[in-house]
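Below is model-v1.cif, holding mmCIF, C-alpha atoms.
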data_final
#
loop_
_atom_site.label_atom_id
_atom_site.label_comp_id
_atom_site.auth_asym_id
_atom_site.auth_seq_id
_atom_site.Cartn_x
_atom_site.Cartn_y
_atom_site.Cartn_z
CA MET A 26 74.15 78.03 147.07
CA ARG A 27 72.05 79.16 144.13
CA ALA A 28 74.94 81.34 142.92
CA LEU A 29 77.27 78.36 143.15
CA SER A 30 74.88 76.22 141.08
CA LEU A 31 74.62 79.00 138.53
CA LEU A 32 78.39 79.29 138.38
CA THR A 33 78.76 75.55 137.87
CA ALA A 34 76.09 75.57 135.17
CA THR A 35 77.77 78.51 133.43
CA GLY A 36 81.12 76.77 133.60
CA THR A 37 79.67 73.58 132.17
CA ALA A 38 77.93 75.52 129.39
CA GLY A 39 81.19 77.32 128.67
CA LEU A 40 83.07 74.05 128.43
CA LEU A 41 80.40 72.61 126.14
CA LEU A 42 80.57 75.70 123.96
CA MET A 43 84.35 75.46 123.86
CA GLY A 44 83.94 71.86 122.81
CA CYS A 45 81.70 72.92 119.90
CA GLN A 46 84.06 75.68 118.81
CA GLY A 47 87.21 73.90 119.87
CA GLY A 48 88.70 73.52 116.40
CA LEU A 49 88.10 77.09 115.22
CA GLN A 50 90.67 79.48 116.64
CA PRO A 51 90.89 83.13 115.49
CA LEU A 52 94.31 84.31 114.28
CA PRO A 53 94.53 87.63 116.17
CA GLY A 54 97.64 89.09 114.49
CA LEU A 55 96.28 88.73 111.00
CA ASN A 56 92.76 89.73 111.99
CA GLN A 57 94.11 92.99 113.47
CA GLN A 58 95.85 93.69 110.17
CA LEU A 59 92.57 93.03 108.32
CA ILE A 60 90.73 95.52 110.54
CA ARG A 61 93.33 98.16 109.62
CA LEU A 62 92.63 97.56 105.91
CA GLY A 63 88.97 98.57 106.24
CA GLU A 64 86.14 96.62 104.62
CA SER A 65 87.44 93.41 103.14
CA GLN A 66 86.03 90.74 100.88
CA SER A 67 86.77 88.08 98.25
CA PRO A 68 89.37 86.10 100.24
CA SER A 69 91.86 83.77 98.60
CA LEU A 70 93.98 81.93 101.11
CA ALA A 71 97.30 80.15 100.62
CA SER A 72 99.49 78.77 103.37
CA ASP A 73 101.72 81.86 103.47
CA TRP A 74 99.54 84.39 101.62
CA LEU A 75 96.12 85.98 101.77
CA ALA A 76 94.78 87.91 98.78
CA LEU A 77 91.68 90.04 99.24
CA ILE A 78 89.87 93.15 98.10
CA ALA A 79 89.92 95.92 100.71
CA THR A 80 88.24 99.30 100.82
CA ARG A 81 89.43 101.91 103.30
CA PRO A 82 86.81 104.45 104.45
CA GLY A 83 86.47 107.04 101.68
CA GLY A 84 88.85 105.09 99.47
CA ARG A 85 88.65 102.84 96.43
CA ALA A 86 88.59 99.08 96.48
CA GLN A 87 92.07 97.64 95.98
CA VAL A 88 93.63 94.22 95.72
CA GLN A 89 95.83 93.50 98.72
CA LEU A 90 98.24 90.65 99.28
CA ILE A 91 99.21 89.88 102.85
CA ASP A 92 102.33 87.94 103.74
CA ARG A 93 101.06 85.72 106.54
CA ARG A 94 104.55 85.12 107.94
CA ARG A 95 104.88 88.85 108.70
CA ASN A 96 101.17 89.75 108.97
CA ALA A 97 101.85 92.63 106.58
CA PRO A 98 100.76 93.62 103.06
CA VAL A 99 103.30 93.45 100.24
CA PRO A 100 103.41 95.93 97.35
CA LEU A 101 101.62 95.04 94.11
CA LEU A 102 103.16 97.62 91.81
CA GLY A 103 101.11 98.25 88.69
CA LEU A 104 98.17 96.03 89.62
CA ASN A 105 95.78 98.48 91.26
CA ARG A 106 94.81 101.15 88.75
CA PRO A 107 92.75 104.26 89.46
CA ASP A 108 90.46 103.48 86.51
CA SER A 109 89.55 99.94 87.57
CA LEU A 110 87.60 98.28 90.33
CA PRO A 111 88.53 94.74 91.43
CA ILE A 112 85.68 92.24 91.73
CA SER A 113 87.44 88.97 92.49
CA VAL A 114 91.01 87.90 93.25
CA ALA A 115 92.85 84.61 93.63
CA VAL A 116 96.46 83.86 94.61
CA ASP A 117 98.64 80.81 94.10
CA HIS A 118 100.64 78.97 96.75
CA ARG A 119 103.82 81.04 96.32
CA GLY A 120 102.13 84.43 96.14
CA GLU A 121 103.58 84.80 92.63
CA HIS A 122 100.48 84.70 90.40
CA LEU A 123 97.40 86.76 91.17
CA ALA A 124 94.34 86.36 88.96
CA VAL A 125 92.01 89.34 89.14
CA VAL A 126 88.61 90.11 87.64
CA ARG A 127 88.17 93.85 87.52
CA GLN A 128 85.75 96.36 86.10
CA ARG A 129 87.23 98.92 83.76
CA ASP A 130 85.47 101.31 81.40
CA ASP A 131 82.10 99.65 82.09
CA ARG A 132 83.35 96.18 81.19
CA SER A 133 84.77 93.30 83.17
CA GLU A 134 88.19 91.88 82.34
CA LEU A 135 90.39 89.08 83.62
CA VAL A 136 94.07 89.79 84.21
CA LEU A 137 96.96 87.70 85.46
CA TYR A 138 99.60 89.48 87.53
CA ARG A 139 103.09 88.09 88.08
CA ARG A 140 104.49 89.65 91.20
CA SER A 141 108.18 88.91 90.61
CA ILE A 142 108.20 90.92 87.37
CA GLN A 143 105.35 93.28 88.26
CA ALA A 144 103.62 92.50 84.96
CA THR A 145 99.91 92.31 84.22
CA GLN A 146 98.62 90.19 81.35
CA LEU A 147 95.10 90.59 79.99
CA VAL A 148 93.48 87.18 79.58
CA PRO A 149 90.93 87.24 76.76
CA ILE A 150 87.56 85.59 77.40
CA GLU A 151 86.77 83.43 74.36
CA PRO A 152 84.06 83.13 73.22
CA ALA A 153 83.19 86.58 74.49
CA GLY A 154 81.62 86.73 77.92
CA VAL A 155 81.62 88.66 81.16
CA PRO A 156 83.96 87.25 83.84
CA SER A 157 82.88 87.69 87.44
CA ARG A 158 84.79 85.31 89.69
CA VAL A 159 88.16 83.64 89.38
CA THR A 160 90.11 80.96 91.19
CA ILE A 161 93.62 79.58 90.68
CA ASN A 162 95.16 76.30 91.77
CA ALA A 163 98.06 76.18 94.20
CA ASP A 164 100.90 75.93 91.68
CA GLY A 165 99.37 78.73 89.61
CA ARG A 166 98.99 76.63 86.47
CA VAL A 167 95.19 76.37 86.19
CA LEU A 168 92.60 79.14 86.29
CA ALA A 169 88.86 78.58 86.63
CA VAL A 170 86.73 81.56 85.71
CA GLU A 171 83.01 82.10 86.16
CA VAL A 172 81.73 83.72 82.98
CA SER A 173 78.31 85.03 82.01
CA ARG A 174 77.69 84.14 78.38
CA SER A 175 74.41 84.48 76.48
CA GLY A 176 72.41 84.56 79.68
CA LEU A 177 74.08 81.47 81.12
CA TRP A 178 76.73 81.16 83.84
CA GLN A 179 79.63 79.01 82.70
CA VAL A 180 83.06 78.01 83.99
CA ASP A 181 86.10 78.43 81.73
CA LEU A 182 89.27 76.52 82.54
CA LEU A 183 92.61 77.93 81.39
CA GLU A 184 95.97 76.25 81.69
CA LEU A 185 99.28 78.09 81.87
CA PRO A 186 102.24 76.37 80.19
CA MET Q 25 73.45 65.71 72.55
CA VAL Q 26 74.24 69.09 73.98
CA LEU Q 27 77.36 67.70 75.59
CA HIS Q 28 78.59 66.25 72.29
CA HIS Q 29 77.96 69.57 70.59
CA ALA Q 30 79.83 71.44 73.30
CA THR Q 31 82.84 69.09 73.07
CA THR Q 32 82.97 69.27 69.27
CA ALA Q 33 82.66 73.01 69.28
CA HIS Q 34 85.53 73.24 71.73
CA ALA Q 35 87.80 70.96 69.66
CA SER Q 36 87.15 73.07 66.59
CA THR Q 37 87.73 76.29 68.51
CA THR Q 38 90.98 74.95 69.95
CA LYS Q 39 92.23 74.04 66.45
CA HIS Q 40 91.59 77.55 65.22
CA LEU Q 41 92.97 79.16 68.33
CA LEU Q 42 96.31 77.36 68.23
CA PRO Q 43 97.96 79.63 65.64
CA LEU Q 44 96.47 82.61 67.39
CA ALA Q 45 97.84 81.38 70.71
CA CYS Q 46 101.32 81.00 69.15
CA VAL Q 47 101.19 84.54 67.76
CA LEU Q 48 99.94 85.79 71.09
CA GLY Q 49 102.71 83.87 72.82
CA LEU Q 50 105.38 85.47 70.62
CA ALA Q 51 103.87 88.86 71.13
CA LEU Q 52 103.89 88.41 74.88
CA SER Q 53 107.32 86.82 75.16
CA SER Q 54 108.95 90.23 75.13
CA CYS Q 55 107.44 90.96 78.50
CA ALA Q 56 108.02 87.40 79.80
CA LEU Q 57 104.35 86.56 79.96
CA MET Q 58 102.85 83.37 78.65
CA PRO Q 59 100.07 82.11 76.43
CA LEU Q 60 97.18 80.18 77.91
CA ARG Q 61 95.62 76.90 76.89
CA ARG Q 62 91.87 76.64 77.17
CA GLN Q 63 89.98 73.63 78.42
CA PRO Q 64 86.21 73.37 78.65
CA ALA Q 65 84.81 72.84 82.11
CA ALA Q 66 84.01 69.21 82.77
CA PRO Q 67 80.50 68.25 81.68
CA THR Q 68 77.91 68.07 84.41
CA GLY Q 69 75.86 65.39 82.70
CA LEU Q 70 72.87 67.63 82.14
CA GLY Q 71 74.00 69.51 79.08
CA ALA Q 72 74.37 73.25 78.89
CA GLU Q 73 73.26 74.06 82.41
CA SER Q 74 74.34 77.00 84.48
CA ARG Q 75 77.51 76.60 86.54
CA GLN Q 76 78.93 79.08 89.05
CA GLN Q 77 81.57 79.75 91.71
CA PRO Q 78 84.34 77.40 90.58
CA ALA Q 79 86.97 76.16 93.02
CA LEU Q 80 90.06 74.10 92.17
CA SER Q 81 91.92 71.73 94.43
CA GLY Q 82 95.49 72.83 95.08
CA ASP Q 83 96.84 70.21 92.67
CA GLY Q 84 94.29 71.27 90.04
CA ARG Q 85 92.89 67.73 89.77
CA LEU Q 86 89.43 68.47 91.14
CA LEU Q 87 86.88 71.14 90.33
CA ALA Q 88 83.97 72.09 92.60
CA SER Q 89 81.23 74.33 91.22
CA LEU Q 90 77.61 75.18 91.84
CA VAL Q 91 74.86 73.77 89.66
CA GLU Q 92 71.08 73.61 89.94
CA ARG Q 93 69.66 70.28 91.08
CA ALA Q 94 65.86 70.14 91.34
CA GLY Q 95 65.80 73.91 91.62
CA ARG Q 96 68.37 73.99 94.43
CA THR Q 97 71.86 75.42 94.16
CA THR Q 98 74.12 72.46 94.88
CA VAL Q 99 77.87 71.95 94.96
CA LEU Q 100 79.18 69.44 92.45
CA LEU Q 101 82.64 67.91 92.83
CA GLN Q 102 84.31 66.52 89.73
CA GLU Q 103 87.63 65.41 88.35
CA ARG Q 104 88.69 68.30 86.16
CA GLN Q 105 89.99 66.27 83.24
CA SER Q 106 87.39 63.50 83.00
CA GLY Q 107 84.32 65.16 84.49
CA ARG Q 108 83.74 62.16 86.75
CA VAL Q 109 81.47 63.15 89.64
CA LEU Q 110 82.73 62.39 93.16
CA PRO Q 111 80.36 61.76 96.06
CA LEU Q 112 79.73 64.16 98.92
CA ARG Q 113 78.06 62.75 102.02
CA HIS Q 114 76.87 65.53 104.25
CA LEU Q 115 75.57 68.33 102.08
CA ARG Q 116 72.27 66.91 100.87
CA ASN Q 117 69.17 68.87 101.92
CA ARG Q 118 71.28 71.79 103.11
CA GLN Q 119 70.98 73.92 100.00
CA PRO Q 120 71.53 76.52 98.79
CA HIS Q 121 75.26 75.88 98.83
CA SER Q 122 77.74 78.65 98.09
CA SER Q 123 81.44 79.49 98.00
CA PRO Q 124 83.04 76.02 97.75
CA SER Q 125 86.77 75.74 98.46
CA LEU Q 126 89.09 72.72 98.25
CA SER Q 127 92.31 71.68 99.95
CA TRP Q 128 95.47 70.62 98.14
CA ASN Q 129 94.49 67.03 97.23
CA GLY Q 130 90.78 67.68 97.56
CA ARG Q 131 90.53 65.81 100.83
CA TYR Q 132 88.64 68.72 102.39
CA LEU Q 133 85.75 70.61 100.84
CA ALA Q 134 84.63 73.74 102.68
CA VAL Q 135 81.32 75.29 101.68
CA VAL Q 136 78.60 77.56 103.03
CA VAL Q 137 75.30 75.70 103.56
CA GLN Q 138 71.87 76.47 104.92
CA GLN Q 139 71.43 75.24 108.49
CA GLY Q 140 67.89 75.95 109.65
CA GLY Q 141 67.40 79.66 109.21
CA ARG Q 142 71.12 80.46 109.12
CA ARG Q 143 74.09 80.23 106.79
CA GLN Q 144 76.85 78.05 108.14
CA ALA Q 145 80.34 77.09 106.98
CA VAL Q 146 81.07 73.37 107.04
CA ILE Q 147 84.03 71.25 106.02
CA GLU Q 148 83.59 67.75 104.67
CA ASP Q 149 86.55 65.41 105.13
CA ARG Q 150 86.34 63.08 102.15
CA ALA Q 151 88.97 60.74 103.54
CA THR Q 152 87.16 59.95 106.82
CA GLY Q 153 83.60 60.88 105.92
CA GLN Q 154 83.48 63.30 108.86
CA GLN Q 155 81.78 66.65 108.78
CA HIS Q 156 83.12 69.67 110.65
CA PRO Q 157 80.62 72.51 111.19
CA LEU Q 158 82.29 75.85 111.94
CA PHE Q 159 80.43 77.53 114.77
CA LEU Q 160 80.54 81.31 114.88
CA PRO Q 161 79.31 83.73 117.53
CA ALA Q 162 75.62 84.61 117.33
CA GLY Q 163 74.83 87.23 114.73
CA GLN Q 164 77.74 86.35 112.46
CA GLU Q 165 77.09 84.50 109.23
CA PRO Q 166 79.61 83.60 106.55
CA GLN Q 167 79.15 85.02 103.06
CA GLN Q 168 82.27 83.64 101.38
CA LEU Q 169 85.14 81.45 102.48
CA SER Q 170 88.56 80.31 101.34
CA LEU Q 171 90.28 77.23 102.73
CA ALA Q 172 94.10 77.19 102.76
CA PRO Q 173 95.40 74.37 100.54
CA ASP Q 174 96.91 72.56 103.52
CA GLY Q 175 93.58 72.72 105.38
CA GLN Q 176 95.18 74.34 108.40
CA SER Q 177 93.39 77.70 108.21
CA ILE Q 178 90.32 79.32 106.70
CA ALA Q 179 89.28 82.86 105.77
CA LEU Q 180 85.64 83.73 106.32
CA GLU Q 181 83.92 86.79 104.91
CA LEU Q 182 81.43 87.89 107.55
CA ILE Q 183 78.88 90.66 107.78
CA GLN Q 184 79.54 92.65 110.94
CA SER Q 185 77.63 95.80 111.81
CA GLY Q 186 76.55 96.10 108.19
CA SER Q 187 80.05 95.89 106.71
CA GLN Q 188 81.99 93.05 105.12
CA ARG Q 189 84.98 91.85 107.11
CA LEU Q 190 87.35 88.96 106.65
CA GLN Q 191 88.44 86.93 109.61
CA LEU Q 192 91.03 84.18 109.66
CA PHE Q 193 90.85 81.09 111.81
CA SER Q 194 93.27 78.29 112.49
CA LEU Q 195 91.95 74.79 111.87
CA SER Q 196 95.06 72.99 113.08
CA ALA Q 197 93.25 71.63 116.14
CA MET Q 198 90.46 70.29 113.93
CA LEU Q 199 92.00 68.98 110.70
CA GLU Q 200 95.18 67.13 109.89
CA PRO Q 201 97.18 68.71 107.05
CA ASP Q 202 96.42 67.90 103.42
CA ARG Q 203 99.82 68.47 101.88
CA PRO Q 204 101.20 68.23 98.35
CA PRO Q 205 102.43 64.84 97.11
CA GLY Q 206 105.78 64.04 98.65
CA LEU Q 207 104.70 65.68 101.87
CA ARG Q 208 101.36 63.90 101.93
CA GLU Q 209 99.93 62.92 105.28
CA SER Q 210 96.45 62.28 104.02
CA GLY Q 211 94.50 60.78 101.16
CA GLY Q 212 92.24 62.34 98.55
CA GLY Q 213 89.00 60.74 99.60
CA PRO Q 214 86.87 58.02 98.03
CA SER Q 215 86.03 57.86 94.36
CA ALA Q 216 82.49 57.84 93.04
CA GLN Q 217 80.79 54.75 91.77
CA PRO Q 218 80.24 55.01 88.02
#

Exercise: express the given structure as structure tokens:
Amino acid sequence: MRALSLLTATGTAGLLLMGCQGGLQPLPGLNQQLIRLGESQSPSLASDWLALIATRPGGRAQVQLIDRRRNAPVPLLGLNRPDSLPISVAVDHRGEHLAVVRQRDDRSELVLYRRSIQATQLVPIEPAGVPSRVTINADGRVLAVEVSRSGLWQVDLLELP
Amino acid sequence: MVLHHATTAHASTTKHLLPLACVLGLALSSCALMPLRRQPAAPTGLGAESRQQPALSGDGRLLASLVERAGRTTVLLQERQSGRVLPLRHLRNRQPHSSPSLSWNGRYLAVVVQQGGRRQAVIEDRATGQQHPLFLPAGQEPQQLSLAPDGQSIALELIQSGSQRLQLFSLSAMLEPDRPPGLRESGGGPSAQP
């Protein structure tokens, strides 16, 4: 009898808990892929794409772009360099533009990568400052960059034509 | 005063940068890359204060960032072009805020807040005024998040066994989509009173 009461109580608690968490459902296929990539951070999510910084055990941090329709990474030729360390990444809605803040030669720089032509463009910070975090809007036309300048954190907004 | 100075300084800088941008544009055209146009971040109304962790709505119309209010790190939502501040209903007294993220039209704002002794991810629906706390298993706390522009999924950066891991979750049972204009099923939320 006591066991039955306990079972009922557990079931009720479970249902209540499900009610609390009801809207949040893990995406197992993609999460398995993320586990395979090692430590991961700095997510930037689009409907069909996920950009992140991943570090495999014993490896270097690298920018990764995952195609959510296939749950698989796509190549980013020329973006990840052995002499640089990514700090922040952002991807647009089409997975075409990736904005990356990376550390290179003891300084931080902002670059814009266009995947279709595999080209990286250095984006100058003016007035001079140290970029640390970047975000991009869905159509890839506006960048917002967190910049440390003269002891103050600021946000620079850049528009692409 | 500070705001006026900042705006003037930017206008002057832009004027001088235009020829440079053209030269830069020509130089880059050979590799099919493009010049950039700079715009100062919208004023926060308190002069040259610190501003961190920017997030843009998918359409680029809204900017969320973190500012200090009475010594507490607080998310501020603004129209990018005008700087007009838009109201948020559920985030007061839950500072420090961190890692804001916006949906396509800015209907949804996801952010990490302080809930008692824990960090918690919440989503504010600006169209309905509802708040959606995201409950995670015990021992897991979000560090960073990114909301998909359509509001149908979210990536959470969690600390698990001492290492940083991303996990993705579907929100389709919780939120209706916030799609681009033309496909819109939802509004962009209320405007602030001046």

Inset, instruction - May I ask which of the residues Q:Pro157, Q:Ala172, Q:Gly84, Q:Arg93 is the closest one to Ala76 of chain A, counting all atoms listed in the file? - result: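 Looking at the shortest contact to Ala76 of chain A, the residue is Q:Ala172.
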
Inset, instruction - Go ahead and compute the interatomic distance for atom CA of Ser123 of chain Q and atom CA of Arg106 of chain A, in Å to one decimal. - result: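 Atom CA of Ser123 of chain Q sits 27.1 Å away from atom CA of Arg106 of chain A.
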
For Gly120 of chain A: contacts at 10 Å, only C-alpha atoms, fewer than 4 positions along chain excluded, given as a PDB file with C-alpha atoms, in the coordinates of the input:
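That gives us selection16.pdb:
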ATOM      1  CA  LEU A  70      93.980  81.930 101.110  1.00  0.00           C
ATOM      2  CA  ALA A  71      97.300  80.150 100.620  1.00  0.00           C
ATOM      3  CA  SER A  72      99.490  78.770 103.370  1.00  0.00           C
ATOM      4  CA  ASP A  73     101.720  81.860 103.470  1.00  0.00           C
ATOM      5  CA  TRP A  74      99.540  84.390 101.620  1.00  0.00           C
ATOM      6  CA  LEU A  75      96.120  85.980 101.770  1.00  0.00           C
ATOM      7  CA  ALA A  76      94.780  87.910  98.780  1.00  0.00           C
ATOM      8  CA  LEU A  90      98.240  90.650  99.280  1.00  0.00           C
ATOM      9  CA  ILE A  91      99.210  89.880 102.850  1.00  0.00           C
ATOM     10  CA  ASP A  92     102.330  87.940 103.740  1.00  0.00           C
ATOM     11  CA  VAL A  99     103.300  93.450 100.240  1.00  0.00           C
ATOM     12  CA  ALA A 115      92.850  84.610  93.630  1.00  0.00           C
ATOM     13  CA  VAL A 116      96.460  83.860  94.610  1.00  0.00           C
ATOM     14  CA  ARG A 139     103.090  88.090  88.080  1.00  0.00           C
ATOM     15  CA  ARG A 140     104.490  89.650  91.200  1.00  0.00           C
ATOM     16  CA  SER A 141     108.180  88.910  90.610  1.00  0.00           C
ATOM     17  CA  ALA A 163      98.060  76.180  94.200  1.00  0.00           C
ATOM     18  CA  ASP A 164     100.900  75.930  91.680  1.00  0.00           C
ATOM     19  CA  GLY A 165      99.370  78.730  89.610  1.00  0.00           C
TER      20      GLY A 165
END

Inset, instruction - Please report as a PyMOL selection string which residues of chain A come no farther than 8 Å from chain Q, using all atoms listed in the file. - result: chain A and resi 45-52+55-56+59-60+63-72+118+144+146+158-164+166-167+169-171+177-186

Inset, instruction - Provide the atom CA of Ala94 of chain Q to atom CA of Leu168 of chain A distance in Å, to one decimal place. - result: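 Atom CA of Ala94 of chain Q sits 28.7 Å away from atom CA of Leu168 of chain A.
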
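A straight line drawn from atom CA of Leu77 of chain A to atom CA of Gln89 of chain A is 5.4 Å long.
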
Inset, instruction - Decode the PyMOL selection byres ((chain Q and resi 138) around 12) for the given file into explicit residues and return them as a list in words. - result: Arg96, Thr97, Thr98, Leu115, Arg116, Asn117, Arg118, Gln119, Pro120, His121, Ser122, Val135, Val136, Val137, Gln139, Gly140, Gly141, Arg142, Arg143, Gln144, Ala145, Val146, Pro157, Glu165, Pro166 and Gln167 of chain Q

Legend entry - Given all atoms listed in the file as the counted atoms, nearest of A:Ser157, A:Ser133, A:Gln58, A:Thr80 to Val114 of chain A: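 Ranked by minimum distance to Val114 of chain A, first place goes to A:Ser157.
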
Generate the coordinates of N, CA and C atoms for segment 128-141 of chain Q; report them as a compact mmCIF listing (two decimals), in the frame of the given file.
# COMPACT_ATOMS: atom_id res chain seq x y z
N TRP Q 128 94.47 70.92 99.17
CA TRP Q 128 95.47 70.62 98.14
C TRP Q 128 95.09 69.38 97.30
N ASN Q 129 94.84 68.25 97.95
CA ASN Q 129 94.49 67.03 97.23
C ASN Q 129 92.99 66.83 97.14
N GLY Q 130 92.23 67.80 97.59
CA GLY Q 130 90.78 67.68 97.56
C GLY Q 130 90.23 66.84 98.68
N ARG Q 131 91.06 66.58 99.70
CA ARG Q 131 90.53 65.81 100.83
C ARG Q 131 89.42 66.60 101.53
N TYR Q 132 89.63 67.88 101.70
CA TYR Q 132 88.64 68.72 102.39
C TYR Q 132 87.89 69.60 101.41
N LEU Q 133 86.57 69.65 101.57
CA LEU Q 133 85.75 70.61 100.84
C LEU Q 133 85.06 71.49 101.87
N ALA Q 134 85.34 72.78 101.81
CA ALA Q 134 84.63 73.74 102.68
C ALA Q 134 83.58 74.43 101.84
N VAL Q 135 82.43 74.68 102.43
CA VAL Q 135 81.32 75.29 101.68
C VAL Q 135 80.36 75.93 102.67
N VAL Q 136 79.64 76.94 102.21
CA VAL Q 136 78.60 77.56 103.03
C VAL Q 136 77.27 76.87 102.71
N VAL Q 137 76.58 76.41 103.75
CA VAL Q 137 75.30 75.70 103.56
C VAL Q 137 74.21 76.42 104.37
N GLN Q 138 72.99 75.96 104.15
CA GLN Q 138 71.87 76.47 104.92
C GLN Q 138 71.62 75.53 106.09
N GLN Q 139 71.67 76.05 107.30
CA GLN Q 139 71.43 75.24 108.49
C GLN Q 139 70.27 75.87 109.25
N GLY Q 140 69.07 75.30 109.08
CA GLY Q 140 67.89 75.95 109.65
C GLY Q 140 67.69 77.29 108.98
N GLY Q 141 67.59 78.32 109.78
CA GLY Q 141 67.40 79.66 109.21
C GLY Q 141 68.70 80.41 109.00
